[in-house]
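Source file coords.tsv; content: TSV, C-alpha atoms and all ligand atoms.
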```tsv
chain	number	residue	atom	x	y	z
A	27	MET	CA	0.00	0.00	0.00
A	28	PRO	CA	1.43	3.47	-0.88
A	29	ASP	CA	2.13	5.85	2.03
A	30	PRO	CA	-1.33	7.46	2.52
A	31	LEU	CA	0.30	10.86	3.18
A	32	ALA	CA	2.03	10.82	-0.19
A	33	VAL	CA	-1.24	10.47	-2.16
A	34	PRO	CA	-2.78	13.73	-3.52
A	35	PHE	CA	-5.88	14.79	-1.62
A	36	ALA	CA	-8.44	14.20	-4.41
A	37	ALA	CA	-7.14	10.67	-4.99
A	38	TYR	CA	-7.13	10.09	-1.24
A	39	CYS	CA	-10.81	11.12	-0.98
A	40	ASN	CA	-11.77	9.00	-4.00
A	41	ARG	CA	-10.12	5.97	-2.47
A	42	MET	CA	-11.81	6.51	0.92
A	43	ARG	CA	-15.18	7.10	-0.78
A	44	ALA	CA	-14.85	3.91	-2.82
A	45	GLU	CA	-14.02	1.86	0.32
A	46	VAL	CA	-17.01	3.33	2.16
A	47	GLU	CA	-19.37	2.75	-0.76
A	48	ALA	CA	-18.28	-0.87	-1.14
A	49	ALA	CA	-18.85	-1.45	2.59
A	50	LEU	CA	-22.26	0.26	2.49
A	51	ALA	CA	-23.28	-1.89	-0.50
A	52	HIS	CA	-22.19	-4.97	1.44
A	53	TYR	CA	-24.18	-3.95	4.55
A	54	THR	CA	-27.33	-3.44	2.48
A	55	ASN	CA	-27.39	-6.94	1.00
A	56	TYR	CA	-30.33	-7.84	3.21
A	57	ASP	CA	-31.70	-11.30	3.84
A	58	ALA	CA	-35.06	-12.49	2.51
A	59	ASP	CA	-36.90	-11.17	5.60
A	60	CYS	CA	-36.25	-7.58	4.53
A	61	PRO	CA	-38.98	-6.66	2.02
A	62	ALA	CA	-37.46	-6.00	-1.42
A	63	TYR	CA	-39.24	-2.62	-1.69
A	64	LEU	CA	-37.81	-1.46	1.64
A	65	ALA	CA	-34.31	-2.65	0.68
A	66	GLU	CA	-34.62	-0.75	-2.59
A	67	ALA	CA	-35.68	2.42	-0.76
A	68	ILE	CA	-32.74	2.16	1.66
A	69	ARG	CA	-30.25	1.60	-1.14
A	70	HIS	CA	-31.78	4.40	-3.23
A	71	SER	CA	-30.88	6.90	-0.49
A	72	LEU	CA	-27.79	5.37	1.09
A	73	LEU	CA	-25.96	4.47	-2.11
A	74	ALA	CA	-26.84	7.73	-3.89
A	75	PRO	CA	-23.86	9.98	-4.63
A	76	GLY	CA	-23.28	11.80	-1.33
A	77	LYS	CA	-20.00	13.48	-0.48
A	78	ARG	CA	-19.34	10.93	2.32
A	79	LEU	CA	-17.77	13.70	4.37
A	80	ARG	CA	-18.60	12.16	7.77
A	81	PRO	CA	-17.26	8.67	6.93
A	82	ILE	CA	-14.11	10.17	5.40
A	83	LEU	CA	-13.63	12.19	8.59
A	84	ALA	CA	-13.94	9.01	10.68
A	85	LEU	CA	-11.41	7.14	8.52
A	86	THR	CA	-9.02	10.10	8.46
A	87	ALA	CA	-9.19	10.54	12.24
A	88	CYS	CA	-8.34	6.85	12.68
A	89	GLU	CA	-5.40	7.20	10.33
A	90	ALA	CA	-4.20	10.41	12.03
A	91	CYS	CA	-3.96	8.40	15.26
A	92	GLY	CA	-1.61	5.99	13.47
A	93	TYR	CA	-3.99	3.14	12.68
A	94	ASP	CA	-4.95	1.61	9.34
A	95	PHE	CA	-8.06	3.54	8.26
A	96	ARG	CA	-9.82	0.29	7.24
A	97	GLU	CA	-10.22	-0.56	10.95
A	98	ALA	CA	-12.69	2.32	11.14
A	99	LEU	CA	-14.91	1.28	8.21
A	100	PRO	CA	-17.75	0.07	10.49
A	101	ALA	CA	-17.71	3.45	12.29
A	102	ALA	CA	-17.63	5.27	8.93
A	103	CYS	CA	-20.64	3.28	7.69
A	104	ALA	CA	-22.55	3.71	10.96
A	105	VAL	CA	-22.27	7.52	10.84
A	106	GLU	CA	-23.28	7.54	7.17
A	107	MET	CA	-26.33	5.38	7.98
A	108	ILE	CA	-27.45	7.81	10.69
A	109	HIS	CA	-26.74	10.82	8.45
A	110	THR	CA	-28.74	9.28	5.58
A	111	TYR	CA	-31.65	8.41	7.88
A	112	SER	CA	-31.69	12.06	9.04
A	113	LEU	CA	-31.74	13.27	5.41
A	114	ILE	CA	-34.60	10.90	4.52
A	115	HIS	CA	-36.67	12.08	7.49
A	116	ASP	CA	-35.70	15.75	6.98
A	117	ASP	CA	-37.04	15.56	3.41
A	118	LEU	CA	-40.48	14.35	4.54
A	119	PRO	CA	-43.47	16.68	4.06
A	120	ALA	CA	-43.78	17.02	7.87
A	121	MET	CA	-40.25	18.41	8.04
A	122	ASP	CA	-38.39	20.22	5.25
A	123	ASP	CA	-40.58	18.80	2.47
A	124	ASP	CA	-38.02	18.25	-0.26
A	125	ASP	CA	-38.39	16.21	-3.43
A	126	LEU	CA	-34.72	16.13	-4.49
A	127	ARG	CA	-31.73	14.71	-2.62
A	128	ARG	CA	-28.29	13.65	-3.79
A	129	GLY	CA	-29.43	14.27	-7.36
A	130	ARG	CA	-32.29	11.76	-7.07
A	131	PRO	CA	-35.94	12.00	-6.08
A	132	SER	CA	-35.99	12.06	-2.27
A	133	CYS	CA	-36.91	8.76	-0.64
A	134	HIS	CA	-40.59	9.57	-0.01
A	135	ALA	CA	-40.96	11.09	-3.49
A	136	GLN	CA	-39.87	7.79	-5.00
A	137	PHE	CA	-41.19	5.20	-2.52
A	138	GLY	CA	-43.97	6.95	-0.59
A	139	GLU	CA	-43.97	8.42	2.89
A	140	ALA	CA	-44.53	5.25	4.89
A	141	THR	CA	-41.66	3.39	3.24
A	142	ALA	CA	-39.38	6.45	3.57
A	143	ILE	CA	-40.07	6.64	7.31
A	144	LEU	CA	-39.32	2.91	7.62
A	145	ALA	CA	-36.17	3.19	5.49
A	146	GLY	CA	-34.90	5.86	7.90
A	147	ASP	CA	-35.89	3.77	10.93
A	148	GLY	CA	-34.11	0.75	9.45
A	149	LEU	CA	-30.86	2.70	8.91
A	150	LEU	CA	-31.01	4.15	12.42
A	151	ALA	CA	-31.21	0.67	13.96
A	152	GLN	CA	-28.69	-0.87	11.59
A	153	ALA	CA	-26.04	1.74	12.41
A	154	PHE	CA	-25.86	0.39	15.96
A	155	GLU	CA	-25.82	-3.23	14.78
A	156	VAL	CA	-22.83	-2.41	12.56
A	157	LEU	CA	-20.95	-0.89	15.52
A	158	ALA	CA	-21.90	-3.68	17.93
A	159	ARG	CA	-20.61	-6.35	15.53
A	160	ALA	CA	-17.31	-4.60	14.71
A	161	ALA	CA	-14.12	-6.58	15.39
A	162	TRP	CA	-12.86	-4.15	18.05
A	163	PRO	CA	-12.27	-4.61	21.79
A	164	ALA	CA	-15.55	-4.49	23.76
A	165	GLU	CA	-14.72	-1.20	25.50
A	166	ILE	CA	-14.17	0.56	22.16
A	167	ILE	CA	-17.47	-0.79	20.82
A	168	ALA	CA	-19.27	0.40	23.97
A	169	ARG	CA	-17.72	3.88	23.75
A	170	CYS	CA	-18.61	4.21	20.05
A	171	VAL	CA	-22.20	3.02	20.60
A	172	ALA	CA	-22.73	5.42	23.52
A	173	GLU	CA	-21.22	8.43	21.73
A	174	LEU	CA	-23.07	7.83	18.47
A	175	ALA	CA	-26.37	7.33	20.32
A	176	GLN	CA	-25.79	10.59	22.19
A	177	ALA	CA	-24.92	12.49	19.00
A	178	ALA	CA	-27.99	11.15	17.18
A	179	GLY	CA	-30.29	11.61	20.16
A	180	PRO	CA	-32.64	14.12	21.77
A	181	SER	CA	-29.89	16.41	23.11
A	182	ALA	CA	-28.05	16.58	19.79
A	183	LEU	CA	-29.23	15.73	16.22
A	184	VAL	CA	-32.90	15.14	17.02
A	185	GLY	CA	-33.10	18.02	19.52
A	186	GLY	CA	-31.37	20.39	17.11
A	187	GLN	CA	-33.86	19.43	14.41
A	188	GLU	CA	-36.81	19.99	16.76
A	189	ASP	CA	-35.53	23.45	17.73
A	190	ASP	CA	-34.77	24.27	14.10
A	191	LEU	CA	-38.33	23.46	13.05
A	192	LYS	CA	-39.79	25.45	15.96
A	193	ALA	CA	-37.52	28.40	15.20
A	194	GLU	CA	-39.01	29.03	11.75
A	195	ASN	CA	-40.19	32.64	11.49
A	196	GLN	CA	-38.97	33.36	15.05
A	197	PRO	CA	-36.54	36.16	15.93
A	198	LEU	CA	-33.30	34.39	16.88
A	199	GLY	CA	-29.91	35.74	17.90
A	200	LEU	CA	-26.47	34.35	17.09
A	201	PRO	CA	-26.19	32.22	20.30
A	202	GLU	CA	-29.52	30.47	19.58
A	203	LEU	CA	-28.63	29.92	15.91
A	204	GLU	CA	-25.25	28.44	16.86
A	205	ARG	CA	-26.89	26.26	19.55
A	206	ILE	CA	-29.26	24.76	16.95
A	207	HIS	CA	-26.48	24.01	14.46
A	208	ARG	CA	-24.03	22.71	17.08
A	209	ARG	CA	-26.61	19.94	17.64
A	210	LYS	CA	-28.33	19.53	14.26
A	211	THR	CA	-25.24	19.62	12.03
A	212	GLY	CA	-22.20	19.76	14.31
A	213	ALA	CA	-22.83	16.76	16.56
A	214	MET	CA	-22.66	14.20	13.72
A	215	ILE	CA	-19.49	15.74	12.29
A	216	ARG	CA	-17.86	15.84	15.71
A	217	VAL	CA	-18.82	12.27	16.61
A	218	SER	CA	-17.53	10.97	13.25
A	219	LEU	CA	-14.07	12.23	14.22
A	220	ARG	CA	-14.31	10.97	17.80
A	221	LEU	CA	-15.32	7.46	16.66
A	222	GLY	CA	-12.43	7.35	14.20
A	223	GLY	CA	-10.12	8.46	17.01
A	224	HIS	CA	-11.40	5.78	19.40
A	225	VAL	CA	-10.98	3.04	16.80
A	226	GLY	CA	-7.47	4.40	16.11
A	227	ARG	CA	-6.71	4.02	19.86
A	228	GLY	CA	-6.23	7.79	20.15
A	229	ASN	CA	-5.03	9.07	23.52
A	230	THR	CA	-6.89	11.71	25.55
A	231	GLU	CA	-4.99	14.58	23.96
A	232	GLN	CA	-5.64	13.28	20.44
A	233	ILE	CA	-9.38	12.74	21.06
A	234	ALA	CA	-9.64	16.25	22.56
A	235	ALA	CA	-7.90	17.68	19.48
A	236	LEU	CA	-10.27	15.80	17.13
A	237	ASP	CA	-13.19	17.08	19.19
A	238	ARG	CA	-12.09	20.73	18.93
A	239	TYR	CA	-11.44	20.30	15.20
A	240	GLY	CA	-14.91	18.71	14.77
A	241	GLU	CA	-16.68	21.45	16.68
A	242	ALA	CA	-15.15	24.22	14.57
A	243	LEU	CA	-15.56	22.25	11.33
A	244	GLY	CA	-19.24	21.51	12.06
A	245	LEU	CA	-20.12	25.17	12.48
A	246	ALA	CA	-18.09	26.19	9.42
A	247	PHE	CA	-19.85	23.46	7.40
A	248	GLN	CA	-23.24	24.92	8.32
A	249	ILE	CA	-22.22	28.50	7.49
A	250	VAL	CA	-21.00	27.32	4.07
A	251	ASP	CA	-24.25	25.33	3.67
A	252	ASP	CA	-26.23	28.53	4.28
A	253	LEU	CA	-24.12	30.40	1.71
A	254	LEU	CA	-24.58	27.59	-0.81
A	255	ASP	CA	-28.34	27.75	-0.28
A	256	LEU	CA	-28.11	31.35	-1.49
A	257	HIS	CA	-25.67	30.98	-4.37
A	258	GLY	CA	-25.11	27.26	-4.97
A	259	ASP	CA	-25.91	25.39	-8.17
A	260	GLN	CA	-28.79	22.91	-7.76
A	261	ASP	CA	-27.24	20.46	-10.24
A	262	LYS	CA	-23.93	20.38	-8.39
A	263	MET	CA	-25.60	20.27	-4.97
A	264	GLY	CA	-28.08	17.54	-5.96
A	265	LYS	CA	-30.73	19.26	-3.84
A	266	ARG	CA	-32.97	22.30	-4.13
A	267	VAL	CA	-31.37	25.65	-3.29
A	268	GLN	CA	-32.78	28.99	-2.09
A	269	LYS	CA	-35.12	27.21	0.28
A	270	ASP	CA	-34.14	28.73	3.62
A	271	ALA	CA	-35.83	32.10	3.14
A	272	GLY	CA	-39.04	30.47	1.87
A	273	HIS	CA	-39.17	28.34	5.02
A	274	GLY	CA	-38.66	31.36	7.27
A	275	LYS	CA	-35.32	29.93	8.44
A	276	LEU	CA	-32.80	32.21	10.03
A	277	THR	CA	-29.35	31.63	8.52
A	278	PHE	CA	-25.85	32.90	9.20
A	279	PRO	CA	-25.79	35.16	6.10
A	280	ALA	CA	-29.22	36.55	6.98
A	281	LEU	CA	-28.02	37.37	10.49
A	282	LEU	CA	-24.42	38.41	9.90
A	283	GLY	CA	-24.31	39.28	6.19
A	284	GLU	CA	-22.52	37.21	3.56
A	285	GLU	CA	-19.12	38.83	3.97
A	286	VAL	CA	-18.95	38.38	7.73
A	287	SER	CA	-20.31	34.82	7.41
A	288	ARG	CA	-17.55	33.93	4.94
A	289	GLN	CA	-14.97	35.49	7.23
A	290	ARG	CA	-16.34	33.59	10.25
A	291	ALA	CA	-16.24	30.29	8.32
A	292	GLY	CA	-12.61	31.02	7.40
A	293	GLU	CA	-11.70	31.72	11.03
A	294	LEU	CA	-13.37	28.50	12.17
A	295	ILE	CA	-11.45	26.50	9.56
A	296	ALA	CA	-8.19	28.11	10.70
A	297	SER	CA	-8.96	27.18	14.31
A	298	ALA	CA	-9.91	23.61	13.25
A	299	CYS	CA	-6.52	23.28	11.53
A	300	SER	CA	-4.64	24.62	14.52
A	301	ALA	CA	-6.46	22.14	16.83
A	302	VAL	CA	-5.00	19.15	14.96
A	303	ARG	CA	-1.37	20.36	14.92
A	304	VAL	CA	-0.75	17.80	17.70
A	305	PHE	CA	-0.81	15.16	14.94
A	306	GLY	CA	2.20	16.72	13.18
A	307	ASP	CA	2.55	15.44	9.59
A	308	ARG	CA	-0.40	13.12	10.10
A	309	ALA	CA	-2.73	16.17	10.32
A	310	GLN	CA	-2.27	16.80	6.59
A	311	HIS	CA	-5.49	15.14	5.41
A	312	LEU	CA	-7.54	16.62	8.24
A	313	GLU	CA	-6.29	20.07	7.21
A	314	ALA	CA	-7.11	19.38	3.55
A	315	LEU	CA	-10.60	18.20	4.53
A	316	ALA	CA	-11.13	21.43	6.48
A	317	ARG	CA	-10.14	23.49	3.43
A	318	PHE	CA	-12.49	21.36	1.32
A	319	VAL	CA	-15.39	22.21	3.66
A	320	LEU	CA	-14.68	25.92	3.18
A	321	GLU	CA	-14.23	25.77	-0.59
A	322	ARG	CA	-16.83	23.16	-1.52
A	323	ASN	CA	-19.51	23.92	-4.11
A	324	SER	CA	-21.70	20.88	-3.47
B	401	LIG	C1	-34.59	14.33	10.80
B	401	LIG	C2	-33.45	13.83	13.00
B	401	LIG	C3	-33.49	14.57	11.74
B	401	LIG	C4	-32.51	15.48	11.51
B	401	LIG	C5	-32.36	16.19	10.26
B	401	LIG	C6	-29.73	16.33	8.29
B	401	LIG	C7	-30.68	17.28	8.89
B	401	LIG	C8	-31.13	17.04	10.30
B	401	LIG	C9	-31.18	18.26	8.17
B	401	LIG	C10	-30.83	18.43	6.72
B	401	LIG	C11	-30.99	19.87	6.38
B	401	LIG	C12	-29.71	20.58	6.32
B	401	LIG	C13	-29.50	21.43	5.14
B	401	LIG	C14	-28.79	20.47	7.25
B	401	LIG	C15	-27.53	21.18	7.18
B	401	LIG	C16	-26.33	20.39	7.01
B	401	LIG	C17	-26.48	19.09	6.36
B	401	LIG	C18	-26.67	17.97	7.26
B	401	LIG	C19	-26.38	19.00	5.04
B	401	LIG	C20	-26.36	17.75	4.30
B	401	LIG	O1	-25.13	17.12	4.46
B	401	LIG	P1	-24.10	16.92	3.26
B	401	LIG	O2	-23.96	18.19	2.49
B	401	LIG	O3	-24.91	15.88	2.36
B	401	LIG	O4	-22.86	16.33	3.79
B	401	LIG	P2	-24.42	14.64	1.50
B	401	LIG	O5	-25.59	14.31	0.66
B	401	LIG	O6	-23.21	15.05	0.68
B	401	LIG	O7	-24.09	13.56	2.48
```

What's the structure tokens form of this structure?
Ligand code: GRG
Amino acid sequence: MPDPLAVPFAAYCNRMRAEVEAALAHYTNYDADCPAYLAEAIRHSLLAPGKRLRPILALTACEACGYDFREALPAACAVEMIHTYSLIHDDLPAMDDDDLRRGRPSCHAQFGEATAILAGDGLLAQAFEVLARAAWPAEIIARCVAELAQAAGPSALVGGQEDDLKAENQPLGLPELERIHRRKTGAMIRVSLRLGGHVGRGNTEQIAALDRYGEALGLAFQIVDDLLDLHGDQDKMGKRVQKDAGHGKLTFPALLGEEVSRQRAGELIASACSAVRVFGDRAQHLEALARFVLERNS
């Protein structure tokens, strides 16, 4: 295997993405007790062309701690399963009501609401099965299960989504907006890095560094997402754009202006990069991923 640090970043991401997609395809070869229509709905959403940012972060964190990234594939797939479930449910008419996702009809648009809800439920449960069956020491499995459950739960992803829905057309300030996105968007990004770090047997200092990096990256990701909603290209994004204002959603550019939002995202990316300096040369891909988050157009 070539030295992973010697491979250019785009090739590195392509390789990671291909490994993740092969593992996801393997995990979704269901037995005959899974109805074919449900399996098709799950695969439609999970195997659609997503960026795979969270799984790549998990694999890269594992590698930064000095372990073979392939050890972390179950963690990478588990976070992608939870992320995809949240997208399927977010697209439902009762939530964000979106008919396009990852360049395909959203799950409910293609398979109906009931099957889309069940496809999300199935992925949520399966994520924990994948972690529980990983070939890691029991204490690492337990830590990963607990942290992912917390990040996906009522005080993080689900709670952030609830507050986001309730905040529509409400006057919010910056602290409230950041509090929503720290949970709705940030928690899954942060936990992806922490899981990769645990699987990579990271020490306390390394996990704390990944955590600080993840917190800054998560907020920057959301600011960029808000900017892309304003100016992004629907074909590149694979989802509808210019939706936030129509839904009465407060965004970073609406609150701070576009220029200050861009500047804030840049500062967060700089602080994410400085958090992972403890990894020395092995921080290279984490730094490149942070720059990707700032410069992305999809
Ligand atoms: C339904 C519990 C529940 C939560 C929904 C995911 C989510 C929370 C809302 C989606 C709406 C949104 C625009 C969130 C902002 C950030 C985000 C999660 C964007 C989508 O993630 P990407 O860009 O998507 O990484 P891909 O498709 O590339 O994986």

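Neighbouring residues of ligand LIG 401 (chain B) at a cut-off of 6 Å, counting all atoms listed in the file, are Gly76, Lys77, Arg78, Leu79, Ser112, Leu113, His115, Asp116, Arg128, Leu183, Val184, Gln187, Lys210, Thr211 and Gln248 of chain A.
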
For Arg169 (chain A): contacts at 12 Å, all atoms listed in the file, fewer than 3 positions along chain excluded, given as an MDAnalysis selection string | chainID A and resid 101 154 157:158 162:166 172:176 217 220:225 227

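Straight-line separation from CA of Ala193 (chain A) to CA of Ala151 (chain A): 28.5 Å.
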
Find, counting only C-alpha atoms, the residue in A:Ser71, A:Asn40, A:Gln232, A:Asn323 that gets nearest to Arg303 (chain A).
-> A:Gln232

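You can rank A:Leu253, A:Met214, A:Ala242, A:Cys88 by their closest distance to Val267 (chain A) using all atoms listed in the file, and at the top of that list sits A:Leu253.
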
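Checking A:Val46, A:Cys299, A:Ala67, A:Leu320 one by one against Val105 (chain A), counting all atoms listed in the file, you find the shortest gap at A:Val46.
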
Selected residue of minimal separation from Ala84 (chain A) among A:Asp251, A:Glu106, A:Glu155, A:Asp117, counting all atoms listed in the file | A:Glu106

Using all atoms listed in the file, pick whichever of A:Glu204, A:Ala178, A:Tyr93, A:Ile143 has the shortest atom-to-atom distance to Ser218 (chain A).
-> A:Ala178

Draw an axis-aligned box over all listed atoms of region 225-237 of chain A, pad each side with 4 Å, and write its centre and edge lengths in Å, one decimal, as lines of an AutoDock Vina configuration file.
```
center_x = -9.1
center_y = 10.4
center_z = 20.8
size_x = 16.2
size_y = 22.6
size_z = 17.4
```

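Computed from the coordinates, the CA of Ser287 (chain A) to CA of Gly240 (chain A) distance equals 18.5 Å.
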
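Across the model, the gap from CA of Glu285 (chain A) to CA of Ala298 (chain A) is 20.1 Å.
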
Test item: residues at most 10 Å from Gln196 (chain A), all atoms listed in the file, excluding those fewer than 2 positions along its chain, as a VMD selection string = chain A and resid 192 to 194 198 to 199 274 to 276

Go ahead and write the selection's residues with C-alpha atoms as an mmCIF file, in the coordinates of the input.
```
data_model
loop_
_atom_site.group_PDB
_atom_site.id
_atom_site.type_symbol
_atom_site.label_atom_id
_atom_site.label_comp_id
_atom_site.auth_asym_id
_atom_site.auth_seq_id
_atom_site.Cartn_x
_atom_site.Cartn_y
_atom_site.Cartn_z
ATOM 1 C CA LYS A 192 -39.790 25.450 15.960
ATOM 2 C CA ALA A 193 -37.520 28.400 15.200
ATOM 3 C CA GLU A 194 -39.010 29.030 11.750
ATOM 4 C CA LEU A 198 -33.300 34.390 16.880
ATOM 5 C CA GLY A 199 -29.910 35.740 17.900
ATOM 6 C CA GLY A 274 -38.660 31.360 7.270
ATOM 7 C CA LYS A 275 -35.320 29.930 8.440
ATOM 8 C CA LEU A 276 -32.800 32.210 10.030
#
```

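Minimum distance to Thr230 (chain A) across A:Met42, A:Cys91, A:Ala98, A:Leu245 (counting only C-alpha atoms) occurs at A:Cys91.
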
12 Å contact set for Pro75 (chain A), only C-alpha atoms, chain neighbours under 6 positions out, as a ChimeraX atom specification | /A:43-44,46-47,69,110,127-130,262-265,324

Next, the residues of the selection above should be written as a PDB file, in the frame of the given file with C-alpha atoms.
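So the final result, stored in part.pdb, reads:
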```pdb
ATOM      1  CA  ARG A  43     -15.180   7.100  -0.780  1.00  0.00           C
ATOM      2  CA  ALA A  44     -14.850   3.910  -2.820  1.00  0.00           C
ATOM      3  CA  VAL A  46     -17.010   3.330   2.160  1.00  0.00           C
ATOM      4  CA  GLU A  47     -19.370   2.750  -0.760  1.00  0.00           C
ATOM      5  CA  ARG A  69     -30.250   1.600  -1.140  1.00  0.00           C
ATOM      6  CA  THR A 110     -28.740   9.280   5.580  1.00  0.00           C
ATOM      7  CA  ARG A 127     -31.730  14.710  -2.620  1.00  0.00           C
ATOM      8  CA  ARG A 128     -28.290  13.650  -3.790  1.00  0.00           C
ATOM      9  CA  GLY A 129     -29.430  14.270  -7.360  1.00  0.00           C
ATOM     10  CA  ARG A 130     -32.290  11.760  -7.070  1.00  0.00           C
ATOM     11  CA  LYS A 262     -23.930  20.380  -8.390  1.00  0.00           C
ATOM     12  CA  MET A 263     -25.600  20.270  -4.970  1.00  0.00           C
ATOM     13  CA  GLY A 264     -28.080  17.540  -5.960  1.00  0.00           C
ATOM     14  CA  LYS A 265     -30.730  19.260  -3.840  1.00  0.00           C
ATOM     15  CA  SER A 324     -21.700  20.880  -3.470  1.00  0.00           C
TER      16      SER A 324
END
```

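Look at His273 (chain A): the protein and nucleic acid residues within 10 Å of it, using all atoms listed in the file and passing over chain neighbours fewer than 3 places away, are A:Asp122, A:Asp123, A:Leu191, A:Glu194, A:Asn195, A:Gln268, A:Lys269, A:Asp270, A:Leu276.
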
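Taking all atoms listed in the file, the non-local environment of Val156 (chain A) within 8 Å (same-chain residues fewer than 5 positions away omitted) comprises A:Pro100, A:Ala101, A:Cys103, A:Ala104.
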
Is there a way to complete region 317-323 of chain A with all heavy atoms and then write that out as a PDB file, in the frame of the given file?
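The resulting part.pdb:
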```pdb
ATOM      1  N   ARG A 317     -10.130  22.521   4.549  1.00  0.00           N
ATOM      2  CA  ARG A 317     -10.140  23.490   3.430  1.00  0.00           C
ATOM      3  C   ARG A 317     -11.232  23.125   2.428  1.00  0.00           C
ATOM      4  O   ARG A 317     -11.904  23.981   1.880  1.00  0.00           O
ATOM      5  CB  ARG A 317      -8.769  23.527   2.740  1.00  0.00           C
ATOM      6  CG  ARG A 317      -7.727  24.297   3.551  1.00  0.00           C
ATOM      7  CD  ARG A 317      -6.499  24.601   2.702  1.00  0.00           C
ATOM      8  NE  ARG A 317      -5.808  23.382   2.280  1.00  0.00           N
ATOM      9  CZ  ARG A 317      -4.920  22.716   3.025  1.00  0.00           C
ATOM     10  NH1 ARG A 317      -4.611  23.152   4.232  1.00  0.00           N
ATOM     11  NH2 ARG A 317      -4.345  21.617   2.576  1.00  0.00           N
ATOM     12  N   PHE A 318     -11.433  21.808   2.222  1.00  0.00           N
ATOM     13  CA  PHE A 318     -12.490  21.360   1.320  1.00  0.00           C
ATOM     14  C   PHE A 318     -13.861  21.868   1.804  1.00  0.00           C
ATOM     15  O   PHE A 318     -14.683  22.335   1.002  1.00  0.00           O
ATOM     16  CB  PHE A 318     -12.493  19.827   1.195  1.00  0.00           C
ATOM     17  CG  PHE A 318     -13.769  19.278   0.627  1.00  0.00           C
ATOM     18  CD1 PHE A 318     -14.010  19.328  -0.740  1.00  0.00           C
ATOM     19  CD2 PHE A 318     -14.760  18.747   1.455  1.00  0.00           C
ATOM     20  CE1 PHE A 318     -15.209  18.855  -1.278  1.00  0.00           C
ATOM     21  CE2 PHE A 318     -15.953  18.273   0.934  1.00  0.00           C
ATOM     22  CZ  PHE A 318     -16.183  18.336  -0.436  1.00  0.00           C
ATOM     23  N   VAL A 319     -14.094  21.772   3.101  1.00  0.00           N
ATOM     24  CA  VAL A 319     -15.390  22.210   3.660  1.00  0.00           C
ATOM     25  C   VAL A 319     -15.623  23.692   3.359  1.00  0.00           C
ATOM     26  O   VAL A 319     -16.729  24.116   3.029  1.00  0.00           O
ATOM     27  CB  VAL A 319     -15.457  21.906   5.177  1.00  0.00           C
ATOM     28  CG1 VAL A 319     -16.537  22.716   5.871  1.00  0.00           C
ATOM     29  CG2 VAL A 319     -15.690  20.405   5.393  1.00  0.00           C
ATOM     30  N   LEU A 320     -14.547  24.481   3.434  1.00  0.00           N
ATOM     31  CA  LEU A 320     -14.680  25.920   3.180  1.00  0.00           C
ATOM     32  C   LEU A 320     -14.898  26.212   1.697  1.00  0.00           C
ATOM     33  O   LEU A 320     -15.646  27.100   1.338  1.00  0.00           O
ATOM     34  CB  LEU A 320     -13.391  26.607   3.662  1.00  0.00           C
ATOM     35  CG  LEU A 320     -13.377  28.126   3.698  1.00  0.00           C
ATOM     36  CD1 LEU A 320     -14.445  28.654   4.647  1.00  0.00           C
ATOM     37  CD2 LEU A 320     -12.004  28.651   4.109  1.00  0.00           C
ATOM     38  N   GLU A 321     -14.234  25.433   0.844  1.00  0.00           N
ATOM     39  CA  GLU A 321     -14.230  25.770  -0.590  1.00  0.00           C
ATOM     40  C   GLU A 321     -15.253  24.987  -1.401  1.00  0.00           C
ATOM     41  O   GLU A 321     -15.393  25.202  -2.599  1.00  0.00           O
ATOM     42  CB  GLU A 321     -12.832  25.513  -1.168  1.00  0.00           C
ATOM     43  CG  GLU A 321     -11.816  26.536  -0.661  1.00  0.00           C
ATOM     44  CD  GLU A 321     -10.376  26.025  -0.687  1.00  0.00           C
ATOM     45  OE1 GLU A 321     -10.128  25.001  -1.359  1.00  0.00           O
ATOM     46  OE2 GLU A 321      -9.536  26.642  -0.016  1.00  0.00           O
ATOM     47  N   ARG A 322     -15.947  24.069  -0.771  1.00  0.00           N
ATOM     48  CA  ARG A 322     -16.830  23.160  -1.520  1.00  0.00           C
ATOM     49  C   ARG A 322     -17.907  23.923  -2.287  1.00  0.00           C
ATOM     50  O   ARG A 322     -18.318  25.012  -1.867  1.00  0.00           O
ATOM     51  CB  ARG A 322     -17.472  22.143  -0.566  1.00  0.00           C
ATOM     52  CG  ARG A 322     -18.551  22.731   0.328  1.00  0.00           C
ATOM     53  CD  ARG A 322     -18.898  21.789   1.468  1.00  0.00           C
ATOM     54  NE  ARG A 322     -19.838  22.393   2.389  1.00  0.00           N
ATOM     55  CZ  ARG A 322     -21.141  22.152   2.418  1.00  0.00           C
ATOM     56  NH1 ARG A 322     -21.675  21.303   1.563  1.00  0.00           N
ATOM     57  NH2 ARG A 322     -21.927  22.730   3.292  1.00  0.00           N
ATOM     58  N   ASN A 323     -18.391  23.311  -3.369  1.00  0.00           N
ATOM     59  CA  ASN A 323     -19.510  23.920  -4.110  1.00  0.00           C
ATOM     60  C   ASN A 323     -20.666  22.939  -4.239  1.00  0.00           C
ATOM     61  O   ASN A 323     -21.547  23.098  -5.054  1.00  0.00           O
ATOM     62  CB  ASN A 323     -19.053  24.427  -5.492  1.00  0.00           C
ATOM     63  CG  ASN A 323     -18.513  23.300  -6.352  1.00  0.00           C
ATOM     64  OD1 ASN A 323     -18.619  22.120  -5.968  1.00  0.00           O
ATOM     65  ND2 ASN A 323     -17.946  23.644  -7.490  1.00  0.00           N
TER      66      ASN A 323
END
```
